[in-house]
Amino acid sequence: MIVGGALVVMSAITGHGHHDADFDHGGDVDHGSGDHDTWIPFLSLRFWMYGLTAFGLSGILLLSLANQSVAASVPWAIGTGLVCGLIVSYVTRLAMRSEADSSAKTQDMLGKSANVLVPIRPGLPGKVRFSVKGEWIELLALPQEDESIAANEEVIILNIERDRAYVMKKSALME
């Protein structure tokens with residue numbers, strides 16, 4: 001309990017989560033197969049911090065308050081430590097994944113309405129600006145069809161290839 005509790009307190013004081021990336025893999029192992037990863041909580045410092053704290057605290061409570069014997073307290077303390085460590089590691093992992101997913105991705109940009117900042121001509125890229133997930137994005141843009149699009153015109157993003165948006169006038173899509 002002392003070791004785990006000290007680690008939890010130090011983590012709270014120094015800013016929990018900021019230093020973890022240096023030595024805590026969070027148990028995620030990427031095997032190069034895309035979005036699939038294997039979660040191994042026992043490789044996580046967070047698991048051990050909270051697991052040791054829960055193990056020690058539950059052992060002390062069982063021994064002193066419940067008047068349990070050491071033989072009866074140890075299995076319960078180990079189980080409590082494992083469950084607490086797993087729960088904290090899993091919840092933290094979910095929270096970190098949702099933070100990572102908050103940035104704009106290509107699929108989030110498709111179909112968005114954008115404003116033309118620099119006129120777009122066939123073969124000559126212009127520039128568009130639009131908002132996705134609360135952030136403003138500016139991209140070079142080319143017309144989807146051979147047409148010119150003037151500045152301040154509203155367009156729809158149809159495709160994105162190599163950091164260039166292919167757009168069409170919004171008015172042309174409405175017809």
# chains A, B, ... in the order shown; residues from 1 in each chain; ligands from 1
call {"tool": "residues_around", "arguments": {"residues": "Val132 (chain A)", "least_positions_apart": "2", "cutoff": "7 Å", "atoms": "only C-alpha atoms", "output": "ChimeraX atom specification"}}
result
/A:104,108-109,130,134-136
call {"tool": "write_last_selection", "arguments": {"atoms": "C-alpha atoms", "output": "short mmCIF file (atom, residue, chain, number, x, y, z; two decimals), in the first residue's frame"}}
result
data_model
loop_
_atom_site.label_atom_id
_atom_site.label_comp_id
_atom_site.auth_asym_id
_atom_site.auth_seq_id
_atom_site.Cartn_x
_atom_site.Cartn_y
_atom_site.Cartn_z
CA ALA A 104 -9.88 15.61 -37.91
CA ASP A 108 -14.50 13.74 -41.47
CA MET A 109 -13.72 16.26 -44.23
CA PHE A 130 -13.54 24.87 -43.54
CA GLY A 134 -13.88 22.62 -33.96
CA GLU A 135 -10.66 23.31 -35.86
CA TRP A 136 -10.22 25.41 -38.98
#
call {"tool": "select_by_dssp", "arguments": {"residues": "region 68-123 of chain A", "states": "alpha helix (DSSP H)", "output": "PyMOL selection string"}}
result
chain A and resi 70-100+106-109
call {"tool": "residues_around", "arguments": {"residues": "Ile60 (chain A)", "least_positions_apart": "5", "cutoff": "9 Å", "atoms": "only C-alpha atoms", "output": "PyMOL selection string"}}
result
chain A and resi 1+55+65+73+77
call {"tool": "write_last_selection", "arguments": {"atoms": "C-alpha atoms", "output": "PDB file, in the first residue's frame"}}
result
ATOM      1  CA  MET A   1       0.000   0.000   0.000  1.00  0.00           C
ATOM      2  CA  PHE A  55      -3.960  -4.648  -2.486  1.00  0.00           C
ATOM      3  CA  LEU A  65     -11.410  -3.869  10.778  1.00  0.00           C
ATOM      4  CA  SER A  73      -7.079 -11.692   3.850  1.00  0.00           C
ATOM      5  CA  ALA A  77      -6.418  -8.399  -1.147  1.00  0.00           C
TER       6      ALA A  77
END
call {"tool": "residues_around", "arguments": {"residues": "Val8 (chain A)", "least_positions_apart": "2", "cutoff": "10 Å", "atoms": "only C-alpha atoms", "output": "list in words"}}
result
Ile2, Val3, Gly4, Gly5, Ala6, Met10, Ser11, Ala12, Ile13, His16, Arg46, Trp48, Met49, Tyr50, Leu52 and Thr53 of chain A
call {"tool": "closest_residue", "arguments": {"among": "A:Asn152, A:Ser69, A:Ser44, A:Asn159", "to": "Gly126 (chain A)", "atoms": "only C-alpha atoms"}}
result
A:Asn152
